[in-house]
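In what follows, a structure is listed as structure tokens, so that the remarks can point back to it.
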Amino acid sequence: MNGITYNCSPLYPSKIVCIGRNYVKHIQELNNEIPSSMVVFNKPNSALSDTLRYFTSDTRFEGEICFLIMNGAIAGIGFGLDLTKADIQNHLKAKGLPWERAKGFDGSAVLGNFVSLTAPLDSLRMTLHINGNLVQEATYELMIYKPLEMIEEIKSFMSFEDGDIIMSGTPKGVSTYKIGDEFIGRIYSDDQLLIENSWIVI
């Protein structure tokens with residue numbers, strides 16, 4: 001089992017539950033329709049990695065606020081990258097087929113360290129810098145579906161195990177990347193830094 005670090009201790013998520021199309025401007029940049037209900041899909045434990053790898057020229061990054069679940073509720077927070085093989089996903093979407101080949105491949109859920117979350121949910125903000133340039137930024141207010149809504153919807157058809165992760169969706173600014181790029185993801189409560197993680201693409 002692949003693991004994460006939560007408050008300096010190892011945890012092994014059974015799954016990573018992802019929320020798709022949760023920011024209007026990201027939906028628009030990919031020319032998608034705004035969904036009438038929450039888009040939910042899973043990445044398996046085998047997708048989890050602490051290493052950001054280059055896969056293909058069409059693989060894109062999606063920076064996300066991630067929540068760690070304990071006892072069915074949000075216990076921790078971290079920064080994550082949802083990697084997507086865009087050409088494969090576009091083909092699958094056109095055929096009305098599931099996204100696992102584009103979203104659930106090994107190494108497609110790049111997660112940093114997690115810490116306890118005591119700050120108000122509505123104070124959360126994330127930034128992603130690549131090679132020193134701000135490429136993504138998101139706040140709680142911009143989410144179509146808020147974290148507590150995510151939990152209730154997921155619980156309506158699937159159980160959480162302690163240590164499971166919710167990836168809450170990505171804002172505008174997704175793109176492809178290359179070997180040697182430096183990623184720095186940060187999560188704030190208002191202006192207070194909660195967690196920072198960095199990766200060099202290999």
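Every chain in the structure tokens has a letter given in the order shown (A, B, ...), and although residue numbers restart at 1 in each chain, ligands are simply numbered from 1 in the order shown.
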
Residues near Met143 of chain A, anyone? I mean within 9 Å using only C-alpha atoms, not counting same-chain ones fewer than 4 positions away, as an mmCIF file with N, CA, C and O atoms, in the first residue's frame.
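File produced: part-v5.cif:
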data_model
loop_
_atom_site.group_PDB
_atom_site.id
_atom_site.type_symbol
_atom_site.label_atom_id
_atom_site.label_comp_id
_atom_site.auth_asym_id
_atom_site.auth_seq_id
_atom_site.Cartn_x
_atom_site.Cartn_y
_atom_site.Cartn_z
ATOM 1 N N ASN A 22 -15.259 21.558 -10.425
ATOM 2 C CA ASN A 22 -15.750 22.237 -9.229
ATOM 3 C C ASN A 22 -15.438 23.723 -9.224
ATOM 4 O O ASN A 22 -15.725 24.403 -8.233
ATOM 5 N N TYR A 23 -14.836 24.244 -10.307
ATOM 6 C CA TYR A 23 -14.562 25.680 -10.429
ATOM 7 C C TYR A 23 -15.014 26.133 -11.809
ATOM 8 O O TYR A 23 -14.606 25.562 -12.829
ATOM 9 N N VAL A 24 -15.828 27.165 -11.852
ATOM 10 C CA VAL A 24 -16.464 27.586 -13.107
ATOM 11 C C VAL A 24 -15.425 27.947 -14.162
ATOM 12 O O VAL A 24 -15.534 27.529 -15.327
ATOM 13 N N ALA A 138 -6.876 29.389 -5.865
ATOM 14 C CA ALA A 138 -8.287 29.079 -5.622
ATOM 15 C C ALA A 138 -8.634 29.412 -4.187
ATOM 16 O O ALA A 138 -7.785 29.359 -3.299
ATOM 17 N N THR A 139 -9.876 29.742 -3.967
ATOM 18 C CA THR A 139 -10.392 29.980 -2.627
ATOM 19 C C THR A 139 -11.656 29.150 -2.414
ATOM 20 O O THR A 139 -12.284 28.674 -3.372
ATOM 21 N N PRO A 147 -16.670 21.713 0.807
ATOM 22 C CA PRO A 147 -16.188 20.451 1.370
ATOM 23 C C PRO A 147 -17.242 19.628 2.106
ATOM 24 O O PRO A 147 -17.279 18.397 1.949
ATOM 25 N N SER A 168 -10.407 18.098 -4.012
ATOM 26 C CA SER A 168 -11.623 18.903 -4.101
ATOM 27 C C SER A 168 -11.830 19.628 -5.425
ATOM 28 O O SER A 168 -12.746 20.435 -5.552
ATOM 29 N N GLY A 169 -11.006 19.340 -6.436
ATOM 30 C CA GLY A 169 -11.167 19.993 -7.725
ATOM 31 C C GLY A 169 -10.097 21.039 -7.964
ATOM 32 O O GLY A 169 -9.449 21.523 -7.028
ATOM 33 N N PRO A 171 -8.765 24.727 -9.931
ATOM 34 C CA PRO A 171 -9.170 25.990 -10.560
ATOM 35 C C PRO A 171 -8.559 26.118 -11.948
ATOM 36 O O PRO A 171 -7.865 25.224 -12.430
#

Would you list the contacts of Val174 of chain A as a CSV table (one decimal) with N, CA and C atoms, in the first residue's frame, taking every protein, DNA or RNA residue within 7 Å and counting only C-alpha atoms, but skipping same-chain residues closer than 5 positions in sequence?
chain,number,residue,atom,x,y,z
A,60,ARG,N,-1.3,16.7,-18.1
A,60,ARG,CA,-1.4,18.0,-17.5
A,60,ARG,C,-1.5,17.9,-16.0
A,61,PHE,N,-1.1,18.9,-15.3
A,61,PHE,CA,-1.3,19.0,-13.8
A,61,PHE,C,-2.5,19.7,-13.4
A,62,GLU,N,-3.1,19.4,-12.3
A,62,GLU,CA,-4.2,20.1,-11.7
A,62,GLU,C,-4.0,20.2,-10.2

Notebook entry, point to check: When DSSP works through the backbone of this structure, what residues of chain A end up as strand (DSSP E or B), shown as a VMD selection string?
Noted result: chain A and resid 4 to 6 9 to 11 15 to 20 23 39 to 44 48 to 49 59 to 61 63 to 70 73 to 82 84 to 85 109 to 116 124 to 130 133 to 139 143 165 to 167 175 to 176 182 to 189 192 to 200

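Nearest to Phe114 of chain A of all the residues A:Glu182, A:Glu153, A:Asp82, A:Asp50 is A:Asp50, counting only C-alpha atoms.
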
Notebook entry, point to check: Skipping near chain neighbours, those fewer than 4 positions away, what residues fall within 6 Å of Thr5 of chain A using only C-alpha atoms, listed as a list of chain:residue names?
Noted result: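 Here the answer would be A:Ser9, A:Pro10, A:Asn113.
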
Next item on the list: Name the closest residue to Ile166 of chain A among the candidates A:Arg21, A:His91, A:Lys43, A:Arg53; distances are taken between atoms, counting only C-alpha atoms.
Entry: A:Lys43

Check: Got a sec: who's within 7 Å of segment 192-197 of chain A, counting only C-alpha atoms, leaving out chain neighbours fewer than 5 positions off, as a VMD selection string?
Finding: chain A and resid 78 112 184 to 187

Filtering to all heavy atoms, could you give me those residues as a tab-separated table (two decimals), in the first residue's frame?
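Below is the file that was written, part22.tsv:
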chain	number	residue	atom	x	y	z
A	78	GLY	N	-3.98	18.99	2.97
A	78	GLY	CA	-2.71	18.92	2.25
A	78	GLY	C	-2.89	19.43	0.83
A	78	GLY	O	-4.02	19.70	0.39
A	112	GLY	N	1.39	15.76	-1.13
A	112	GLY	CA	2.38	16.19	-0.16
A	112	GLY	C	1.99	15.75	1.24
A	112	GLY	O	1.13	14.89	1.43
A	184	ILE	N	5.66	24.34	-6.54
A	184	ILE	CA	5.49	24.65	-5.12
A	184	ILE	C	4.00	24.89	-4.88
A	184	ILE	O	3.41	25.83	-5.42
A	184	ILE	CB	6.30	25.88	-4.68
A	184	ILE	CG1	7.79	25.65	-4.93
A	184	ILE	CG2	6.06	26.16	-3.19
A	184	ILE	CD1	8.66	26.83	-4.57
A	185	GLY	N	3.40	24.02	-4.08
A	185	GLY	CA	1.99	24.15	-3.74
A	185	GLY	C	1.83	24.59	-2.30
A	185	GLY	O	2.50	24.05	-1.40
A	186	ARG	N	1.00	25.57	-2.07
A	186	ARG	CA	0.78	26.10	-0.73
A	186	ARG	C	-0.72	26.19	-0.43
A	186	ARG	O	-1.51	26.49	-1.32
A	186	ARG	CB	1.39	27.50	-0.58
A	186	ARG	CG	2.91	27.56	-0.79
A	186	ARG	CD	3.42	28.97	-0.57
A	186	ARG	NE	4.88	29.07	-0.69
A	186	ARG	CZ	5.52	29.45	-1.79
A	186	ARG	NH1	4.82	29.77	-2.89
A	186	ARG	NH2	6.83	29.51	-1.82
A	187	ILE	N	-1.05	25.96	0.84
A	187	ILE	CA	-2.42	26.15	1.30
A	187	ILE	C	-2.40	27.09	2.49
A	187	ILE	O	-1.57	26.94	3.41
A	187	ILE	CB	-3.09	24.81	1.67
A	187	ILE	CG1	-3.19	23.93	0.42
A	187	ILE	CG2	-4.48	25.04	2.26
A	187	ILE	CD1	-3.80	22.59	0.66
